[in-house]
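Source file: data12.cif; contents: mmCIF, C-alpha atoms and all ligand atoms.
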```
data_run
loop_
_atom_site.label_atom_id
_atom_site.label_comp_id
_atom_site.auth_asym_id
_atom_site.auth_seq_id
_atom_site.Cartn_x
_atom_site.Cartn_y
_atom_site.Cartn_z
CA MET A 30 -81.76 1.72 -88.33
CA ARG A 31 -79.34 1.31 -85.42
CA LEU A 32 -79.81 4.87 -84.07
CA ALA A 33 -83.52 5.44 -84.72
CA ASN A 34 -84.99 8.32 -82.67
CA LYS A 35 -81.61 9.22 -81.18
CA VAL A 36 -80.14 12.71 -80.93
CA ALA A 37 -76.38 12.80 -81.44
CA MET A 38 -74.05 15.72 -80.90
CA VAL A 39 -70.73 15.58 -82.77
CA THR A 40 -68.05 18.22 -82.10
CA GLY A 41 -65.67 19.19 -84.88
CA ALA A 42 -68.11 17.72 -87.42
CA GLY A 43 -67.50 20.47 -89.96
CA SER A 44 -64.84 18.31 -91.58
CA GLY A 45 -62.95 15.00 -91.62
CA ILE A 46 -63.69 12.29 -89.09
CA GLY A 47 -66.47 14.21 -87.32
CA LYS A 48 -68.24 14.84 -90.61
CA GLY A 49 -67.97 11.14 -91.47
CA ILE A 50 -69.48 10.25 -88.09
CA ALA A 51 -72.35 12.77 -88.42
CA ILE A 52 -73.31 11.39 -91.83
CA ARG A 53 -73.02 7.73 -90.77
CA PHE A 54 -75.20 8.41 -87.70
CA ALA A 55 -77.81 10.14 -89.88
CA GLU A 56 -77.84 7.15 -92.24
CA GLU A 57 -78.76 5.04 -89.21
CA GLY A 58 -81.65 7.29 -88.16
CA ALA A 59 -80.14 9.85 -85.77
CA ASP A 60 -80.81 13.58 -85.76
CA VAL A 61 -77.43 15.28 -85.50
CA VAL A 62 -76.07 18.44 -83.88
CA ILE A 63 -72.95 19.59 -85.68
CA ALA A 64 -70.81 21.79 -83.44
CA ASP A 65 -67.70 23.36 -84.88
CA VAL A 66 -65.69 26.60 -84.64
CA ASN A 67 -66.00 26.63 -88.41
CA LEU A 68 -69.70 27.46 -88.91
CA GLU A 69 -69.55 27.13 -92.71
CA GLY A 70 -68.15 23.62 -92.44
CA ALA A 71 -70.81 22.75 -89.87
CA GLN A 72 -73.55 24.07 -92.14
CA ALA A 73 -72.24 22.02 -95.08
CA THR A 74 -72.35 18.84 -92.98
CA ALA A 75 -75.84 19.78 -91.74
CA ARG A 76 -77.05 19.98 -95.34
CA GLU A 77 -75.75 16.46 -96.00
CA VAL A 78 -77.54 15.18 -92.89
CA GLU A 79 -80.78 16.77 -94.06
CA VAL A 80 -80.44 15.22 -97.54
CA LEU A 81 -80.59 11.88 -95.69
CA GLY A 82 -83.97 12.89 -94.25
CA ARG A 83 -82.78 13.62 -90.72
CA LYS A 84 -82.96 16.85 -88.71
CA SER A 85 -79.77 18.75 -87.96
CA LEU A 86 -78.50 21.76 -86.09
CA ALA A 87 -75.26 23.48 -87.11
CA ILE A 88 -73.88 25.57 -84.28
CA LYS A 89 -70.68 27.58 -83.97
CA THR A 90 -68.94 26.21 -80.90
CA ASP A 91 -65.51 26.49 -79.33
CA VAL A 92 -65.16 23.33 -77.23
CA ALA A 93 -62.43 25.00 -75.15
CA SER A 94 -64.87 27.64 -73.85
CA SER A 95 -67.37 26.67 -71.16
CA ALA A 96 -69.72 29.51 -72.19
CA SER A 97 -69.73 28.32 -75.79
CA VAL A 98 -70.28 24.69 -74.74
CA GLU A 99 -73.19 25.67 -72.47
CA GLN A 100 -74.75 27.50 -75.41
CA MET A 101 -74.32 24.41 -77.63
CA ILE A 102 -76.10 22.19 -75.09
CA ARG A 103 -78.89 24.73 -74.53
CA ALA A 104 -79.51 25.04 -78.28
CA THR A 105 -79.55 21.24 -78.62
CA VAL A 106 -82.03 20.70 -75.81
CA ASP A 107 -84.19 23.62 -77.03
CA LYS A 108 -84.41 22.07 -80.49
CA PHE A 109 -84.47 18.32 -79.78
CA GLY A 110 -85.42 18.07 -76.08
CA LYS A 111 -82.59 15.65 -75.27
CA VAL A 112 -79.08 14.42 -76.08
CA ASP A 113 -78.52 10.66 -76.33
CA ILE A 114 -75.03 10.52 -77.85
CA LEU A 115 -72.02 12.83 -77.57
CA VAL A 116 -68.96 12.40 -79.79
CA ASN A 117 -66.01 14.45 -78.53
CA ASN A 118 -64.16 14.69 -81.82
CA ALA A 119 -62.98 18.33 -82.17
CA GLY A 120 -59.22 18.47 -82.08
CA ILE A 121 -56.09 20.10 -83.43
CA PHE A 122 -52.61 18.78 -84.20
CA ILE A 123 -49.38 20.77 -84.02
CA GLN A 124 -46.18 18.93 -84.90
CA LYS A 125 -43.07 20.61 -83.49
CA PRO A 126 -40.00 19.40 -81.61
CA LEU A 127 -40.07 20.01 -77.87
CA GLN A 128 -37.70 22.99 -78.01
CA GLU A 129 -39.93 24.76 -80.56
CA THR A 130 -43.19 24.02 -78.75
CA THR A 131 -44.33 27.21 -77.03
CA GLU A 132 -46.37 27.50 -73.88
CA GLU A 133 -49.12 28.87 -76.12
CA ASP A 134 -48.99 25.77 -78.38
CA TRP A 135 -49.19 23.55 -75.30
CA ASP A 136 -52.15 25.42 -73.79
CA ARG A 137 -54.03 25.54 -77.10
CA ILE A 138 -53.72 21.81 -77.72
CA ILE A 139 -54.57 20.80 -74.15
CA ASN A 140 -57.49 23.25 -74.00
CA ILE A 141 -59.11 22.01 -77.21
CA ASN A 142 -58.18 18.31 -77.22
CA LEU A 143 -58.48 17.54 -73.49
CA LYS A 144 -60.31 20.30 -71.60
CA GLY A 145 -62.86 20.38 -74.45
CA VAL A 146 -63.72 16.73 -73.75
CA PHE A 147 -64.22 17.54 -70.06
CA LEU A 148 -66.42 20.59 -70.75
CA CYS A 149 -68.64 18.95 -73.39
CA THR A 150 -69.02 15.75 -71.38
CA LYS A 151 -69.93 17.60 -68.19
CA ALA A 152 -72.58 19.63 -70.00
CA ALA A 153 -74.08 16.64 -71.87
CA VAL A 154 -74.05 14.35 -68.83
CA SER A 155 -76.27 16.76 -66.87
CA HIS A 156 -79.02 15.87 -69.39
CA MET A 157 -78.10 12.19 -69.80
CA LEU A 158 -78.45 11.71 -66.04
CA LYS A 159 -82.08 12.87 -66.25
CA GLN A 160 -82.67 10.58 -69.24
CA GLY A 161 -81.15 7.54 -67.44
CA LYS A 162 -78.97 6.55 -70.40
CA GLY A 163 -76.26 7.98 -72.62
CA LYS A 164 -73.33 7.21 -74.88
CA ILE A 165 -70.11 9.21 -74.93
CA ILE A 166 -67.40 8.54 -77.49
CA ASN A 167 -64.07 10.32 -77.25
CA ILE A 168 -61.80 10.50 -80.27
CA ALA A 169 -58.30 9.86 -78.94
CA SER A 170 -55.40 8.67 -81.14
CA ILE A 171 -52.67 6.06 -81.46
CA ALA A 172 -50.57 9.02 -80.23
CA GLY A 173 -52.26 8.64 -76.84
CA GLU A 174 -50.90 5.10 -76.56
CA VAL A 175 -47.40 5.39 -78.07
CA GLY A 176 -45.12 8.32 -78.80
CA TYR A 177 -45.59 10.10 -82.12
CA LEU A 178 -42.47 12.08 -83.00
CA ASN A 179 -42.39 15.84 -82.39
CA SER A 180 -45.88 16.05 -80.90
CA SER A 181 -45.40 16.23 -77.13
CA ALA A 182 -48.50 18.30 -76.38
CA TYR A 183 -50.67 16.30 -78.79
CA CYS A 184 -49.54 12.96 -77.30
CA ALA A 185 -50.15 14.28 -73.78
CA SER A 186 -53.63 15.50 -74.73
CA LYS A 187 -54.63 12.17 -76.31
CA GLY A 188 -53.12 10.12 -73.46
CA GLY A 189 -55.19 12.34 -71.19
CA VAL A 190 -58.32 11.58 -73.21
CA ILE A 191 -57.74 7.82 -72.80
CA ALA A 192 -57.26 8.17 -69.01
CA LEU A 193 -60.27 10.49 -68.72
CA THR A 194 -62.37 7.97 -70.66
CA LYS A 195 -61.58 5.26 -68.09
CA GLU A 196 -62.37 7.48 -65.12
CA LEU A 197 -65.65 8.75 -66.60
CA ALA A 198 -66.65 5.19 -67.51
CA LEU A 199 -66.13 4.17 -63.89
CA GLU A 200 -67.97 7.19 -62.51
CA LEU A 201 -70.97 6.96 -64.85
CA ALA A 202 -71.42 3.21 -65.44
CA SER A 203 -74.03 2.82 -62.70
CA LYS A 204 -76.02 5.64 -64.34
CA LYS A 205 -76.08 3.63 -67.60
CA ILE A 206 -73.90 6.17 -69.35
CA ASN A 207 -71.20 4.45 -71.42
CA VAL A 208 -67.93 6.26 -72.03
CA ASN A 209 -65.54 4.81 -74.58
CA ALA A 210 -62.79 6.10 -76.86
CA ILE A 211 -61.61 5.44 -80.39
CA GLY A 212 -57.92 5.66 -81.24
CA PRO A 213 -57.59 6.39 -84.95
CA GLY A 214 -54.39 5.66 -86.83
CA ALA A 215 -53.51 7.80 -89.88
CA ILE A 216 -56.77 8.98 -91.44
CA GLU A 217 -57.11 11.05 -94.62
CA THR A 218 -58.60 14.40 -93.52
CA THR A 219 -57.77 18.11 -93.52
CA MET A 220 -55.54 17.46 -90.50
CA THR A 221 -53.27 15.09 -92.47
CA LYS A 222 -53.67 16.70 -95.93
CA ASP A 223 -50.22 18.36 -96.02
CA MET A 224 -48.51 15.28 -94.62
CA LEU A 225 -50.12 12.97 -97.17
CA ALA A 226 -49.43 15.38 -100.04
CA ASN A 227 -45.72 14.67 -99.57
CA PRO A 228 -45.08 11.33 -101.36
CA GLU A 229 -42.09 10.47 -99.13
CA VAL A 230 -44.04 11.04 -95.93
CA LYS A 231 -46.99 9.09 -97.30
CA GLU A 232 -44.73 6.15 -98.26
CA ALA A 233 -43.13 6.18 -94.81
CA LEU A 234 -46.57 6.20 -93.17
CA LEU A 235 -47.79 3.35 -95.36
CA ARG A 236 -44.81 1.25 -94.29
CA THR A 237 -46.04 1.50 -90.67
CA ILE A 238 -49.60 0.36 -91.50
CA PRO A 239 -49.81 -3.45 -91.77
CA TYR A 240 -53.18 -3.24 -93.55
CA GLY A 241 -51.47 -1.30 -96.35
CA ARG A 242 -53.67 1.75 -96.79
CA ILE A 243 -54.38 5.10 -95.13
CA GLY A 244 -57.63 5.10 -93.14
CA GLN A 245 -60.77 6.96 -94.21
CA PRO A 246 -63.28 8.85 -92.00
CA GLY A 247 -65.76 6.04 -92.73
CA ASP A 248 -63.47 3.54 -90.93
CA ILE A 249 -63.79 5.60 -87.75
CA ALA A 250 -67.49 6.32 -88.28
CA ASN A 251 -68.31 2.60 -88.34
CA ALA A 252 -66.53 2.08 -85.01
CA ALA A 253 -68.33 5.13 -83.56
CA LEU A 254 -71.65 3.72 -84.76
CA TYR A 255 -71.07 0.52 -82.79
CA LEU A 256 -70.12 2.47 -79.64
CA ALA A 257 -73.18 4.74 -80.04
CA SER A 258 -75.63 1.88 -80.53
CA ASP A 259 -77.29 -0.38 -77.95
CA GLU A 260 -75.05 -3.22 -79.25
CA SER A 261 -72.21 -1.85 -77.09
CA ASP A 262 -74.17 -1.42 -73.84
CA TYR A 263 -71.77 -3.70 -71.91
CA VAL A 264 -68.63 -1.99 -73.29
CA ASN A 265 -67.29 0.69 -70.97
CA GLY A 266 -63.97 2.49 -70.58
CA ALA A 267 -62.50 0.86 -73.68
CA THR A 268 -60.30 2.46 -76.31
CA LEU A 269 -60.92 0.85 -79.68
CA PHE A 270 -57.89 1.42 -81.91
CA VAL A 271 -58.85 1.71 -85.56
CA ASP A 272 -55.42 1.90 -87.10
CA GLY A 273 -54.96 -0.81 -89.73
CA GLY A 274 -52.81 -2.69 -87.21
CA TRP A 275 -50.32 0.14 -86.54
CA LEU A 276 -50.10 -0.62 -82.81
CA THR A 277 -49.35 -4.31 -83.31
CA GLN A 278 -45.65 -3.52 -83.89
N1 LIG B 1 -56.67 12.46 -89.12
C1 LIG B 1 -55.96 11.64 -88.38
O1 LIG B 1 -55.06 10.95 -88.87
C2 LIG B 1 -56.25 11.49 -86.90
C3 LIG B 1 -55.58 10.48 -86.21
C4 LIG B 1 -55.84 10.30 -84.86
C5 LIG B 1 -56.74 11.12 -84.22
N2 LIG B 1 -57.39 12.11 -84.91
C6 LIG B 1 -58.33 12.94 -84.17
O2 LIG B 1 -59.58 12.95 -84.84
C7 LIG B 1 -60.26 14.16 -84.53
C8 LIG B 1 -60.77 14.79 -85.83
O3 LIG B 1 -59.66 15.14 -86.63
P1 LIG B 1 -59.70 15.21 -88.24
O4 LIG B 1 -58.57 14.41 -88.73
O5 LIG B 1 -61.06 14.94 -88.71
O6 LIG B 1 -59.29 16.74 -88.41
P2 LIG B 1 -60.01 17.95 -89.20
O7 LIG B 1 -59.06 19.08 -89.07
O8 LIG B 1 -60.44 17.50 -90.56
O9 LIG B 1 -61.32 18.22 -88.33
C9 LIG B 1 -61.27 18.79 -87.05
C10 LIG B 1 -62.48 19.69 -86.88
O10 LIG B 1 -62.45 20.20 -85.54
C11 LIG B 1 -62.80 21.58 -85.60
N3 LIG B 1 -62.27 22.28 -84.43
C12 LIG B 1 -60.98 22.66 -84.20
N4 LIG B 1 -60.90 23.34 -83.04
C13 LIG B 1 -62.15 23.39 -82.52
C14 LIG B 1 -62.71 23.95 -81.35
N5 LIG B 1 -61.96 24.65 -80.48
N6 LIG B 1 -64.04 23.81 -81.13
C15 LIG B 1 -64.82 23.16 -82.03
N7 LIG B 1 -64.35 22.62 -83.17
C16 LIG B 1 -63.02 22.73 -83.40
C17 LIG B 1 -62.21 22.08 -86.92
O11 LIG B 1 -62.84 23.28 -87.35
C18 LIG B 1 -62.48 20.89 -87.83
O12 LIG B 1 -63.74 21.00 -88.48
C19 LIG B 1 -59.27 15.03 -83.77
O13 LIG B 1 -59.54 14.94 -82.38
C20 LIG B 1 -57.94 14.39 -84.09
O14 LIG B 1 -56.97 14.63 -83.09
C21 LIG B 1 -57.16 12.31 -86.24
#
```

So, in terms of structure tokens, how does the structure I just supplied come out?
Ligand SMILES: NC(=O)c1ccc[n+]([C@@H]2O[C@H](COP(=O)([O-])OP(=O)(O)OC[C@H]3O[C@@H](n4cnc5c(N)ncnc54)[C@H](O)[C@@H]3O)[C@@H](O)[C@H]2O)c1
Amino acid sequence: MRLANKVAMVTGAGSGIGKGIAIRFAEEGADVVIADVNLEGAQATAREVEVLGRKSLAIKTDVASSASVEQMIRATVDKFGKVDILVNNAGIFIQKPLQETTEEDWDRIININLKGVFLCTKAAVSHMLKQGKGKIINIASIAGEVGYLNSSAYCASKGGVIALTKELALELASKKINVNAIGPGAIETTMTKDMLANPEVKEALLRTIPYGRIGQPGDIANAALYLASDESDYVNGATLFVDGGWLTQ
């Protein structure tokens, strides 16, 4: 059990990658807080965590709202007394050319994907500092490292997450709080469902993945498990790309 007696908080864990991470962490002994704007999704994940014999807390949270994030942290500490691991996973994707991207689209993406990481991290770190240890894992994207067509706001948000990860790692390393990121490639989730349902788009995507298959939430969950465990104590500020080799080209 690589996460025995740990309390992990995973945002956006009502579906996809976050759900995969919550379940993988529970398999390794963690109790898991599942924070999502979609309460029903969060509750479904919580039931799966409990089937594995771990405790869970499903809480409706909007990561872009400081009041909502404060409430999430309060509920976590009330129930579990601490927070050892935070996975900043909640995110949205809007694909539009620059000229069709509205100011509202831009603000929404940046507020959820980037400001949300800042708000959740700030709130969790206030408890991790008292505990003298912590692990923060930010879900970025290959689109934070290279351009992904017609997604200016998304690319900016994920590039911001990678830069923020480095700064937070620097600021918190001496407090024994590790901050790292994961950069997923194309992963089969609700976010990519429509894209992957189109055979031509799927074929085109597969041609860009040297490993020859679309990624699964479990691929990301295994990387998150390493970054959440004591095995990665000397890893800080890194972005681990889990992309089937996409970025090698
Ligand atoms: N699927 C991919 O190919 C892929 C690739 C690279 C990066 N990512 C990143 O992985 C993360 C998870 O994406 P996914 O593919 O699992 O998508 P998903 O849509 O399946 O899951 C995202 C979850 O986040 C929740 N969410 C959305 N806005 C929220 C908010 N304001 N507050 C709290 N929760 C909110 C949604 O309700 C949903 O449950 C995202 O940050 C995404 O950008 C995904």

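From atom CA of A:Ile114 back to atom CA of A:Ser97, the distance works out to 18.7 Å.
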
Taking into account only C-alpha atoms and all ligand atoms, which residue in the set A:Arg76, A:Lys159, A:Lys35, A:Lys89 is nearest to ligand LIG 1 (chain B)?
-> A:Lys89

Pick out the residues no farther than 6 Å from ligand LIG 1 (chain B), counting all atoms listed in the file, and list them as a PyMOL selection string.
-> chain A and resi 40-47+65-67+90-93+118-121+141+168-170+213-221

For the residues in that selection, give me C-alpha atoms as a short mmCIF file (atom, residue, chain, number, x, y, z; two decimals), keeping the file's coordinate frame.
```cif
data_model
loop_
_atom_site.label_atom_id
_atom_site.label_comp_id
_atom_site.auth_asym_id
_atom_site.auth_seq_id
_atom_site.Cartn_x
_atom_site.Cartn_y
_atom_site.Cartn_z
CA THR A 40 -68.05 18.22 -82.10
CA GLY A 41 -65.67 19.19 -84.88
CA ALA A 42 -68.11 17.72 -87.42
CA GLY A 43 -67.50 20.47 -89.96
CA SER A 44 -64.84 18.31 -91.58
CA GLY A 45 -62.95 15.00 -91.62
CA ILE A 46 -63.69 12.29 -89.09
CA GLY A 47 -66.47 14.21 -87.32
CA ASP A 65 -67.70 23.36 -84.88
CA VAL A 66 -65.69 26.60 -84.64
CA ASN A 67 -66.00 26.63 -88.41
CA THR A 90 -68.94 26.21 -80.90
CA ASP A 91 -65.51 26.49 -79.33
CA VAL A 92 -65.16 23.33 -77.23
CA ALA A 93 -62.43 25.00 -75.15
CA ASN A 118 -64.16 14.69 -81.82
CA ALA A 119 -62.98 18.33 -82.17
CA GLY A 120 -59.22 18.47 -82.08
CA ILE A 121 -56.09 20.10 -83.43
CA ILE A 141 -59.11 22.01 -77.21
CA ILE A 168 -61.80 10.50 -80.27
CA ALA A 169 -58.30 9.86 -78.94
CA SER A 170 -55.40 8.67 -81.14
CA PRO A 213 -57.59 6.39 -84.95
CA GLY A 214 -54.39 5.66 -86.83
CA ALA A 215 -53.51 7.80 -89.88
CA ILE A 216 -56.77 8.98 -91.44
CA GLU A 217 -57.11 11.05 -94.62
CA THR A 218 -58.60 14.40 -93.52
CA THR A 219 -57.77 18.11 -93.52
CA MET A 220 -55.54 17.46 -90.50
CA THR A 221 -53.27 15.09 -92.47
#
```

Top pick for closest residue to A:Arg236, considering A:Phe109, A:Phe54, A:Trp275, A:Tyr255 and counting only C-alpha atoms | A:Trp275

Quick one: contact table of stretch 85-182 of chain A to stretch 264-267 of chain A, 12 Å max, nearest atom pair and distance in Å to one decimal per residue, counting only C-alpha atoms, chain and number order, as JSON lines?
```
{"residue": "A:Gly163", "atom": "CA", "partner": "A:Asn265", "partner_atom": "CA", "distance": 11.7}
{"residue": "A:Lys164", "atom": "CA", "partner": "A:Asn265", "partner_atom": "CA", "distance": 9.7}
{"residue": "A:Ile165", "atom": "CA", "partner": "A:Asn265", "partner_atom": "CA", "distance": 9.8}
{"residue": "A:Ile166", "atom": "CA", "partner": "A:Gly266", "partner_atom": "CA", "distance": 9.8}
{"residue": "A:Asn167", "atom": "CA", "partner": "A:Ala267", "partner_atom": "CA", "distance": 10.2}
{"residue": "A:Ile168", "atom": "CA", "partner": "A:Ala267", "partner_atom": "CA", "distance": 11.7}
{"residue": "A:Ala169", "atom": "CA", "partner": "A:Ala267", "partner_atom": "CA", "distance": 11.2}
```

Compute the distance from (-77.6, 7.2, -81.4) to each atom, counting all atoms listed in the file, keep the residues with any atom at most 8 Å away, and return them as an MDAnalysis selection string; use the coordinates of the file.
-> chainID A and resid 31:37 54 58:59 113:114 164 254 257:258

Measure the distance from atom CA of A:Phe270 to atom CA of A:Ile171 in Å and round it to one decimal.
-> 7.0 Å

A straight line from atom CA of A:Pro239 to atom CA of A:Ser180 spans 22.7 Å

Using only C-alpha atoms, which of A:Leu276, A:Ile63, A:Ala253, A:Leu148 sits nearest A:Ala172?
-> A:Leu276

Select, from A:Arg103, A:Lys231, A:Lys125, A:Lys204, the residue with the minimum atom-to-atom distance to A:Ser181, counting only C-alpha atoms.
->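 Checking each of A:Arg103, A:Lys231, A:Lys125, A:Lys204 against A:Ser181, counting only C-alpha atoms, the winner is A:Lys125.
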
Would you mind listing what lies within 8 Å of A:Ala152 as a PyMOL selection string, with all atoms listed in the file counted and same-chain residues fewer than 2 positions away left out?
-> chain A and resi 98-99+102+148-150+154-156

Residue among A:Thr131, A:Gln100, A:Asn209, A:Asn140 lying closest to A:Leu197, counting only C-alpha atoms = A:Asn209

Shortest interatomic distance to A:Ile138 - which of A:Arg242, A:Lys48, A:Lys111, A:Lys187, counting only C-alpha atoms =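 For A:Ile138, the nearest of the candidates is A:Lys187.
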
A:Lys205 surroundings by only C-alpha atoms, 9 Å radius, close-in-sequence under 3 positions cut, as an mmCIF file with C-alpha atoms, in the frame of the given file:
```cif
data_model
loop_
_atom_site.group_PDB
_atom_site.id
_atom_site.type_symbol
_atom_site.label_atom_id
_atom_site.label_comp_id
_atom_site.auth_asym_id
_atom_site.auth_seq_id
_atom_site.Cartn_x
_atom_site.Cartn_y
_atom_site.Cartn_z
ATOM 1 C CA LEU A 158 -78.450 11.710 -66.040
ATOM 2 C CA GLY A 161 -81.150 7.540 -67.440
ATOM 3 C CA LYS A 162 -78.970 6.550 -70.400
ATOM 4 C CA GLY A 163 -76.260 7.980 -72.620
ATOM 5 C CA LYS A 164 -73.330 7.210 -74.880
ATOM 6 C CA LEU A 201 -70.970 6.960 -64.850
ATOM 7 C CA ALA A 202 -71.420 3.210 -65.440
ATOM 8 C CA ASP A 262 -74.170 -1.420 -73.840
#
```

Give the centre and edge lengths of an axis-aligned box, in Å to one decimal, that holds all listed atoms of stretch 38-46 of chain A with 4 Å on each side, as AutoDock Vina command-line options.
```
--center_x -68.5 --center_y 16.4 --center_z -86.3 --size_x 19.1 --size_y 16.2 --size_z 18.7
```

Since fewer atoms than expected are present, regenerate N, CA and C atoms for stretch 38-59 of chain A and write them as a PDB file, in the coordinates of the input.
```pdb
ATOM      1  N   MET A  38     -74.785  14.458 -80.772  1.00  0.00           N
ATOM      2  CA  MET A  38     -74.050  15.720 -80.900  1.00  0.00           C
ATOM      3  C   MET A  38     -72.609  15.351 -81.256  1.00  0.00           C
ATOM      4  N   VAL A  39     -72.088  15.912 -82.346  1.00  0.00           N
ATOM      5  CA  VAL A  39     -70.730  15.580 -82.770  1.00  0.00           C
ATOM      6  C   VAL A  39     -69.932  16.881 -82.851  1.00  0.00           C
ATOM      7  N   THR A  40     -68.872  16.997 -82.042  1.00  0.00           N
ATOM      8  CA  THR A  40     -68.050  18.220 -82.100  1.00  0.00           C
ATOM      9  C   THR A  40     -67.016  18.075 -83.220  1.00  0.00           C
ATOM     10  N   GLY A  41     -66.649  19.203 -83.791  1.00  0.00           N
ATOM     11  CA  GLY A  41     -65.670  19.190 -84.880  1.00  0.00           C
ATOM     12  C   GLY A  41     -66.191  18.465 -86.111  1.00  0.00           C
ATOM     13  N   ALA A  42     -67.515  18.489 -86.304  1.00  0.00           N
ATOM     14  CA  ALA A  42     -68.110  17.720 -87.420  1.00  0.00           C
ATOM     15  C   ALA A  42     -68.213  18.539 -88.702  1.00  0.00           C
ATOM     16  N   GLY A  43     -67.517  19.677 -88.738  1.00  0.00           N
ATOM     17  CA  GLY A  43     -67.500  20.470 -89.960  1.00  0.00           C
ATOM     18  C   GLY A  43     -66.538  19.924 -90.990  1.00  0.00           C
ATOM     19  N   SER A  44     -65.747  18.909 -90.604  1.00  0.00           N
ATOM     20  CA  SER A  44     -64.840  18.310 -91.580  1.00  0.00           C
ATOM     21  C   SER A  44     -64.368  16.943 -91.100  1.00  0.00           C
ATOM     22  N   GLY A  45     -63.688  16.221 -91.974  1.00  0.00           N
ATOM     23  CA  GLY A  45     -62.950  15.000 -91.620  1.00  0.00           C
ATOM     24  C   GLY A  45     -63.731  13.910 -90.901  1.00  0.00           C
ATOM     25  N   ILE A  46     -63.140  13.425 -89.828  1.00  0.00           N
ATOM     26  CA  ILE A  46     -63.690  12.290 -89.090  1.00  0.00           C
ATOM     27  C   ILE A  46     -65.067  12.626 -88.506  1.00  0.00           C
ATOM     28  N   GLY A  47     -65.190  13.817 -87.930  1.00  0.00           N
ATOM     29  CA  GLY A  47     -66.470  14.210 -87.320  1.00  0.00           C
ATOM     30  C   GLY A  47     -67.583  14.272 -88.358  1.00  0.00           C
ATOM     31  N   LYS A  48     -67.260  14.774 -89.530  1.00  0.00           N
ATOM     32  CA  LYS A  48     -68.240  14.840 -90.610  1.00  0.00           C
ATOM     33  C   LYS A  48     -68.667  13.416 -91.011  1.00  0.00           C
ATOM     34  N   GLY A  49     -67.682  12.540 -91.136  1.00  0.00           N
ATOM     35  CA  GLY A  49     -67.970  11.140 -91.470  1.00  0.00           C
ATOM     36  C   GLY A  49     -68.899  10.507 -90.438  1.00  0.00           C
ATOM     37  N   ILE A  50     -68.655  10.810 -89.172  1.00  0.00           N
ATOM     38  CA  ILE A  50     -69.480  10.250 -88.090  1.00  0.00           C
ATOM     39  C   ILE A  50     -70.908  10.818 -88.166  1.00  0.00           C
ATOM     40  N   ALA A  51     -71.016  12.134 -88.357  1.00  0.00           N
ATOM     41  CA  ALA A  51     -72.350  12.770 -88.420  1.00  0.00           C
ATOM     42  C   ALA A  51     -73.186  12.140 -89.534  1.00  0.00           C
ATOM     43  N   ILE A  52     -72.572  11.938 -90.680  1.00  0.00           N
ATOM     44  CA  ILE A  52     -73.310  11.390 -91.830  1.00  0.00           C
ATOM     45  C   ILE A  52     -73.676   9.921 -91.590  1.00  0.00           C
ATOM     46  N   ARG A  53     -72.739   9.156 -91.046  1.00  0.00           N
ATOM     47  CA  ARG A  53     -73.020   7.730 -90.770  1.00  0.00           C
ATOM     48  C   ARG A  53     -74.158   7.593 -89.751  1.00  0.00           C
ATOM     49  N   PHE A  54     -74.139   8.457 -88.723  1.00  0.00           N
ATOM     50  CA  PHE A  54     -75.200   8.410 -87.700  1.00  0.00           C
ATOM     51  C   PHE A  54     -76.554   8.756 -88.332  1.00  0.00           C
ATOM     52  N   ALA A  55     -76.551   9.747 -89.222  1.00  0.00           N
ATOM     53  CA  ALA A  55     -77.810  10.140 -89.880  1.00  0.00           C
ATOM     54  C   ALA A  55     -78.335   9.002 -90.750  1.00  0.00           C
ATOM     55  N   GLU A  56     -77.419   8.300 -91.413  1.00  0.00           N
ATOM     56  CA  GLU A  56     -77.840   7.150 -92.240  1.00  0.00           C
ATOM     57  C   GLU A  56     -78.533   6.093 -91.393  1.00  0.00           C
ATOM     58  N   GLU A  57     -78.166   6.040 -90.110  1.00  0.00           N
ATOM     59  CA  GLU A  57     -78.760   5.040 -89.210  1.00  0.00           C
ATOM     60  C   GLU A  57     -79.896   5.624 -88.370  1.00  0.00           C
ATOM     61  N   GLY A  58     -80.408   6.795 -88.763  1.00  0.00           N
ATOM     62  CA  GLY A  58     -81.650   7.290 -88.160  1.00  0.00           C
ATOM     63  C   GLY A  58     -81.516   8.374 -87.113  1.00  0.00           C
ATOM     64  N   ALA A  59     -80.293   8.822 -86.809  1.00  0.00           N
ATOM     65  CA  ALA A  59     -80.140   9.850 -85.770  1.00  0.00           C
ATOM     66  C   ALA A  59     -80.333  11.257 -86.328  1.00  0.00           C
TER      67      ALA A  59
END
```
